[in-house]
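One structure is given here, and the rest of the page talks about it.
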Amino acid sequence: MPSSKLAFLRYMLIDQMLRNKFKKYPTKEELLDSCNEKFGVSSGSTIEKDLNAMREEFDAPIAYNKKQKGYEYTDKNYKFLSVNLSEDNLVALTFVETILKDFKELPIFAEFSDAVDKVLDGVEITRTLKNHPLKTVHQCVQIDKVPYFKGSMLLSKLISLVSHNKVIEITYKKFNSELCKQYIVHPYLLKEYRNMWYVLGYVEDYKEIRTFGIDRIETVFEYNLPFLPPQKVSFNAEDFYKYCIGVTVLDENPEKIILRFTTLAANYIKVQPIHHSQQIVQEDEQGCTVILNLVINNELKREIISYGSQVTVLEPPTLVEVIRKEFTQAVGLYAKYN
């Protein structure tokens with residue numbers, strides 16, 4: 001075990017002894033005996049160094065009580081890193097630990113790996129002190145890892161720029177264009193949709209909010225220009241996506257979408273609604289009918305098409321026609337197999 005982690009284990013053991021209501025004011029000898037039993041520490045100077053490190057690095061109010069001839073926290077409300085974790089806390093943290101271990105090696109999180117390692121160390125240390133058996137959680141939980149995508153190396157830089165309210169200059173290449181274009185953007189939001197990331201911001205040249213796929217950003221730099229706060233352009237992230245699936249927001253009003261699902265598909269949409277506006281207005285042995293209040297964008301169309309023959313669009317007529325054409329063209333692709 002690394003020396004830094006071993007030292008942290010000793011700190012937590014010392015903390016437990018200082019907070020022990022049934023055996024108050026532990027002496028240096030008692031601290032040494034406990035650390036020797038658990039970690040093989042045999043030198044009193046190590047205990048003195050640990051006490052000083054806890055004071056200096058963690059602001060622990062540790063003092064020697066001459067009357068009681070032992071050590072104490074002078075501030076009874078002090079908690080060393082607030083690590084008083086219940087069994088349920090440890091179960092939850094071990095589950096999170098599994099997720100972090102699966103994701104921390106991805107390029108997206110490269111710059112955050114130190115922070116992730118500290119969290120993982122804290123969970124392991126706490127579990128070690130409590131003799132907790134939940135290491136088997138790693139064998140019974142499997143996370144579907146997010147694949148690498150083009151532009152993921154820019155994400156950590158964008159997180160820093162957006163969180164610090166920095167104006168950015170990006171070089172952007174649309175899917176349907178061979179040319180790159182520069183944009184000066186006041187970024188307000190980073191949004192993930194189906195394992196892809198997007199940055200939203202106000203573009204002064206167009207006087208509007210625009211969405212840029214990070215996978216299509218070639219370069220990004222901080223731009224020396226005063227940042228325009230989102231309230232100045234009436235941008236609110238929750239309202240912006242309130243009637244929208246995905247990231248494509250159109251200058252159109254939301255419409256009432258009525259869909260009819262078969263029994264099999266109905267089981268899925270009842271446990272995982274398509275959108276928070278979803279309402280089930282009819283349910284019978286053949287399936288269910290739902291109403292959604294949404295802007296009709298490409299993401300909504302793809303969502304509907306993904307259900308194949310398990311869904312029928314009833315309203316509005318314009319969407320009925322769009323989906324009908326999509327399925328007709330899809331059938332045409334298989335005509336040669338007849």
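Residue numbering restarts at 1 in every chain; chains get A, B, ... in the order shown in the structure tokens, and ligands count up from 1 in that same order.
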
### Message
Just want the 9 Å neighbourhood of region 274-281 of chain A, counted on only C-alpha atoms, with same-chain residues fewer than 6 positions away dropped. Output as a list in words.
### Response
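Listing them by chain and then by number gives Lys242, Tyr243, Cys244, Ile245, Cys288, Thr289, Val290, Ile291, Leu292, Asn293, Leu294 and Glu303 of chain A.
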
Exercise for review: Please provide the set of residues having any atom within 10 Å of Arg194 (chain A), restricted to only C-alpha atoms, with same-chain residues fewer than 2 positions apart removed, written as a list of chain:residue names.
Suggested key: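 These residues fall inside the cut-off: A:Val146, A:Glu192, A:Met196, A:Trp197, A:Gly246.
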
The residue from A:Phe212, A:Ile184, A:Phe227, A:Ile296 with the smallest atom-to-atom distance to His164 (chain A), counting only C-alpha atoms, is A:Phe227

task: Give me the residues within 7 Å of region 309-322 of chain A as an NGL selection string, counting only C-alpha atoms and dropping any in the same chain fewer than 6 places off.
output: :A and (257-262 or 265)

Please produce an output containing N, CA and C atoms for each residue in the selection, written as a PDB file, in the first residue's frame.
```pdb
ATOM      1  N   ILE A 257     -48.230  15.773 -29.444  1.00  0.00           N
ATOM      2  CA  ILE A 257     -47.866  14.555 -30.162  1.00  0.00           C
ATOM      3  C   ILE A 257     -48.655  13.398 -29.551  1.00  0.00           C
ATOM      4  N   ILE A 258     -49.403  12.668 -30.367  1.00  0.00           N
ATOM      5  CA  ILE A 258     -50.161  11.518 -29.875  1.00  0.00           C
ATOM      6  C   ILE A 258     -49.600  10.253 -30.514  1.00  0.00           C
ATOM      7  N   LEU A 259     -49.185   9.321 -29.676  1.00  0.00           N
ATOM      8  CA  LEU A 259     -48.587   8.079 -30.140  1.00  0.00           C
ATOM      9  C   LEU A 259     -49.350   6.889 -29.570  1.00  0.00           C
ATOM     10  N   ARG A 260     -49.450   5.851 -30.375  1.00  0.00           N
ATOM     11  CA  ARG A 260     -50.101   4.614 -29.942  1.00  0.00           C
ATOM     12  C   ARG A 260     -49.054   3.505 -29.922  1.00  0.00           C
ATOM     13  N   PHE A 261     -48.844   2.908 -28.746  1.00  0.00           N
ATOM     14  CA  PHE A 261     -47.839   1.864 -28.576  1.00  0.00           C
ATOM     15  C   PHE A 261     -48.499   0.505 -28.388  1.00  0.00           C
ATOM     16  N   THR A 262     -47.846  -0.518 -28.914  1.00  0.00           N
ATOM     17  CA  THR A 262     -48.312  -1.877 -28.682  1.00  0.00           C
ATOM     18  C   THR A 262     -48.054  -2.256 -27.224  1.00  0.00           C
ATOM     19  N   ALA A 265     -44.213  -2.470 -26.277  1.00  0.00           N
ATOM     20  CA  ALA A 265     -43.564  -1.161 -26.169  1.00  0.00           C
ATOM     21  C   ALA A 265     -44.132  -0.359 -25.008  1.00  0.00           C
TER      22      ALA A 265
END
```

**Q.** All residues 12 Å or closer to Asn20 (chain A), only C-alpha atoms, same chain fewer than 5 positions away omitted, as a list in words
**A.**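 Listing them by chain and then by number gives Leu13, Ile14, Asp15, Tyr25, Pro26, Tyr71, Glu72, Tyr73 and Lys76 of chain A.
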
- Message: Need to verify the contact set: Tyr78 (chain A), 9 Å, only C-alpha atoms, exclusion of same-chain residues closer than 4 positions in sequence. Can you return it as number ranges by chain?
- Response: A: 60-61, 73-74, 82

Could you save those same residues with N, CA and C atoms as a JSON list (two decimals), in the first residue's frame?
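Ended up saving to selection38.json:
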```
[["chain", "number", "residue", "atom", "x", "y", "z"],
["A", 60, "ALA", "N", -7.09, 19.91, 12.15],
["A", 60, "ALA", "CA", -7.64, 19.16, 13.28],
["A", 60, "ALA", "C", -7.24, 19.85, 14.59],
["A", 61, "PRO", "N", -8.20, 20.21, 15.43],
["A", 61, "PRO", "CA", -7.91, 20.91, 16.69],
["A", 61, "PRO", "C", -7.46, 19.95, 17.79],
["A", 73, "TYR", "N", -9.85, 16.46, 20.95],
["A", 73, "TYR", "CA", -10.25, 17.52, 20.03],
["A", 73, "TYR", "C", -10.80, 18.65, 20.90],
["A", 74, "THR", "N", -10.20, 19.83, 20.78],
["A", 74, "THR", "CA", -10.70, 20.96, 21.56],
["A", 74, "THR", "C", -12.06, 21.45, 21.04],
["A", 82, "SER", "N", -15.34, 14.43, 7.82],
["A", 82, "SER", "CA", -16.74, 13.99, 7.93],
["A", 82, "SER", "C", -16.92, 12.57, 7.41]]
```

**OP:** Based on DSSP run over this structure's backbone, return all residues of region 234-333 of chain A in strand (DSSP E), as a PyMOL selection string.
**Re:** chain A and resi 255-262+279-284+287-294+311-315

Using only C-alpha atoms, the residue out of A:Thr219, A:Asn297, A:Gln182, A:Asn267 with shortest distance to Met153 (chain A) is A:Thr219

Counting only C-alpha atoms, closest pick from A:Lys336, A:Thr248, A:Ala237, A:Gly308 relative to Leu264 (chain A) is A:Gly308
